[in-house]
Amino acid sequence: MLSSALLKEITEKQGYLSAVFDSSLFQQRIQVNAIEPDIPLLYAERCATAFESLSPAVLQQLYRYSHDYCIDFCEYVGETPPAIEQPEQILQYISPMSMEIPTLPEAHTAETAEPVLHLELNCEWEPEHGLEWLIRGNDILYVGSCEMLQEWKDKNYYREYGGNYAFGNKLD
């Protein structure tokens, strides 16, 4: 039986791990899914713990980038964006679908790899593609339309990615 202090309802089917954790940020459960077989439970727990430990400064950046995406997308499709006065109000318009746990890079173990927070979120302004947050260690690498980007690319890859509001890249 797999056990964890943070992860609940842990299951493993054909080597793929799934679980949930109670998110204090969203005040709801977030589904956790391993994207490849044999990802250690320890690494999944480290990722969920890192999400629960995001600093207020990082959260403010995520809110701001998400809001930038919201405004740009609404302008792009000719809609009026929601009226948001404080960055954290963006949380009223988004909800998590899942956190995907990536395969570990070859040179790392569950203990040594940086936690990756790869969230797929629903958002009111873009119901078809939603919102994606990708954070590795302390770096916000991507905020934008859900593209399910690879987690271990060089930072320049994300910096140059179109529609990545973490680096100020607007929709084409």
# chains A, B, ... in the order shown; residues from 1 in each chain; ligands from 1
$ select_by_dssp --residues "range 49-161 of chain A" --states "strand (DSSP E)" --output "ChimeraX atom specification"
/A:94-101,116-123,131-136,139-144
$ closest_atom_pairs --of "range 35-76 of chain A" --to "range 101-111 of chain A" --cutoff "12 Å" --atoms "only C-alpha atoms" --output "tab-separated table"
residue	atom	partner	partner_atom	distance
A:Ile35	CA	A:Pro102	CA	5.7
A:Glu36	CA	A:Thr103	CA	6.0
A:Pro37	CA	A:Thr103	CA	8.3
A:Asp38	CA	A:Thr103	CA	8.5
A:Ile39	CA	A:Thr103	CA	6.3
A:Pro40	CA	A:Ala110	CA	6.4
A:Leu41	CA	A:Ala110	CA	8.4
A:Leu42	CA	A:Ala110	CA	6.1
A:Tyr43	CA	A:Ala110	CA	4.7
A:Ala44	CA	A:Ile101	CA	6.2
A:Glu45	CA	A:Ala110	CA	9.6
A:Arg46	CA	A:Ala110	CA	8.2
A:Cys47	CA	A:Ile101	CA	7.5
A:Ala48	CA	A:Ile101	CA	9.2
A:Phe51	CA	A:Ile101	CA	11.9
$ write_last_selection --atoms "N, CA, C and O atoms" --output "PDB file, in the first residue's frame"
ATOM      1  N   ILE A  35       2.847  11.252 -15.681  1.00  0.00           N
ATOM      2  CA  ILE A  35       2.691  11.209 -17.130  1.00  0.00           C
ATOM      3  C   ILE A  35       3.449  10.039 -17.757  1.00  0.00           C
ATOM      4  O   ILE A  35       3.257   9.756 -18.926  1.00  0.00           O
ATOM      5  N   GLU A  36       4.289   9.397 -16.996  1.00  0.00           N
ATOM      6  CA  GLU A  36       5.022   8.217 -17.454  1.00  0.00           C
ATOM      7  C   GLU A  36       4.967   7.168 -16.349  1.00  0.00           C
ATOM      8  O   GLU A  36       4.825   7.507 -15.168  1.00  0.00           O
ATOM      9  N   PRO A  37       5.115   5.896 -16.701  1.00  0.00           N
ATOM     10  CA  PRO A  37       5.119   4.856 -15.655  1.00  0.00           C
ATOM     11  C   PRO A  37       6.339   4.986 -14.752  1.00  0.00           C
ATOM     12  O   PRO A  37       7.354   5.551 -15.135  1.00  0.00           O
ATOM     13  N   ASP A  38       6.191   4.454 -13.569  1.00  0.00           N
ATOM     14  CA  ASP A  38       7.294   4.313 -12.611  1.00  0.00           C
ATOM     15  C   ASP A  38       7.856   5.620 -12.069  1.00  0.00           C
ATOM     16  O   ASP A  38       9.014   5.695 -11.689  1.00  0.00           O
ATOM     17  N   ILE A  39       7.068   6.677 -12.021  1.00  0.00           N
ATOM     18  CA  ILE A  39       7.499   7.905 -11.345  1.00  0.00           C
ATOM     19  C   ILE A  39       7.327   7.673  -9.852  1.00  0.00           C
ATOM     20  O   ILE A  39       6.252   7.272  -9.407  1.00  0.00           O
ATOM     21  N   PRO A  40       8.370   7.906  -9.068  1.00  0.00           N
ATOM     22  CA  PRO A  40       8.286   7.601  -7.631  1.00  0.00           C
ATOM     23  C   PRO A  40       7.265   8.469  -6.892  1.00  0.00           C
ATOM     24  O   PRO A  40       7.133   9.665  -7.163  1.00  0.00           O
ATOM     25  N   LEU A  41       6.580   7.836  -5.962  1.00  0.00           N
ATOM     26  CA  LEU A  41       5.632   8.557  -5.113  1.00  0.00           C
ATOM     27  C   LEU A  41       6.326   9.713  -4.399  1.00  0.00           C
ATOM     28  O   LEU A  41       5.752  10.788  -4.259  1.00  0.00           O
ATOM     29  N   LEU A  42       7.560   9.503  -3.964  1.00  0.00           N
ATOM     30  CA  LEU A  42       8.309  10.554  -3.277  1.00  0.00           C
ATOM     31  C   LEU A  42       8.401  11.815  -4.135  1.00  0.00           C
ATOM     32  O   LEU A  42       8.231  12.928  -3.637  1.00  0.00           O
ATOM     33  N   TYR A  43       8.658  11.659  -5.417  1.00  0.00           N
ATOM     34  CA  TYR A  43       8.768  12.827  -6.289  1.00  0.00           C
ATOM     35  C   TYR A  43       7.405  13.513  -6.460  1.00  0.00           C
ATOM     36  O   TYR A  43       7.309  14.739  -6.410  1.00  0.00           O
ATOM     37  N   ALA A  44       6.360  12.746  -6.630  1.00  0.00           N
ATOM     38  CA  ALA A  44       5.019  13.326  -6.730  1.00  0.00           C
ATOM     39  C   ALA A  44       4.680  14.104  -5.464  1.00  0.00           C
ATOM     40  O   ALA A  44       4.120  15.208  -5.528  1.00  0.00           O
ATOM     41  N   GLU A  45       5.037  13.557  -4.317  1.00  0.00           N
ATOM     42  CA  GLU A  45       4.772  14.256  -3.054  1.00  0.00           C
ATOM     43  C   GLU A  45       5.608  15.532  -2.953  1.00  0.00           C
ATOM     44  O   GLU A  45       5.113  16.566  -2.500  1.00  0.00           O
ATOM     45  N   ARG A  46       6.866  15.484  -3.396  1.00  0.00           N
ATOM     46  CA  ARG A  46       7.707  16.689  -3.382  1.00  0.00           C
ATOM     47  C   ARG A  46       7.089  17.784  -4.258  1.00  0.00           C
ATOM     48  O   ARG A  46       7.119  18.958  -3.890  1.00  0.00           O
ATOM     49  N   CYS A  47       6.527  17.402  -5.400  1.00  0.00           N
ATOM     50  CA  CYS A  47       5.906  18.387  -6.291  1.00  0.00           C
ATOM     51  C   CYS A  47       4.660  19.000  -5.647  1.00  0.00           C
ATOM     52  O   CYS A  47       4.481  20.225  -5.665  1.00  0.00           O
ATOM     53  N   ALA A  48       3.812  18.176  -5.065  1.00  0.00           N
ATOM     54  CA  ALA A  48       2.607  18.685  -4.395  1.00  0.00           C
ATOM     55  C   ALA A  48       2.984  19.573  -3.208  1.00  0.00           C
ATOM     56  O   ALA A  48       2.373  20.626  -2.992  1.00  0.00           O
ATOM     57  N   PHE A  51       4.063  22.927  -4.447  1.00  0.00           N
ATOM     58  CA  PHE A  51       2.914  23.752  -4.827  1.00  0.00           C
ATOM     59  C   PHE A  51       2.297  24.396  -3.592  1.00  0.00           C
ATOM     60  O   PHE A  51       1.981  25.589  -3.592  1.00  0.00           O
TER      61      PHE A  51
END
$ closest_residue --among "A:Glu88, A:Gln61, A:Thr80, A:Ile71" --to "Leu25 in chain A" --atoms "only C-alpha atoms"
A:Glu88
$ residues_around --residues "Leu62 in chain A" --least-positions-apart "2" --cutoff "10 Å" --atoms "only C-alpha atoms" --output "ChimeraX atom specification"
/A:56-60,64-68,87-88,90,133-135,140,142-143,165-166
$ atom_distance --atom1 "CA of Lys153 in chain A" --atom2 "CA of Arg136 in chain A"
10.3 Å
$ closest_residue --among "A:Leu7, A:Tyr93, A:Tyr69, A:Ser55" --to "Phe26 in chain A" --atoms "only C-alpha atoms"
A:Tyr93
$ select_by_dssp --residues "range 55-136 of chain A" --states "alpha helix (DSSP H)" --output "ChimeraX atom specification"
/A:56-77
$ closest_residue --among "A:Cys123, A:Leu171, A:Leu17, A:Leu6" --to "Phe73 in chain A" --atoms "only C-alpha atoms"
A:Leu171
$ atom_distance --atom1 "CA of Ala113 in chain A" --atom2 "CA of Glu12 in chain A"
21.5 Å
$ atom_distance --atom1 "CA of Glu120 in chain A" --atom2 "CA of Pro82 in chain A"
20.5 Å
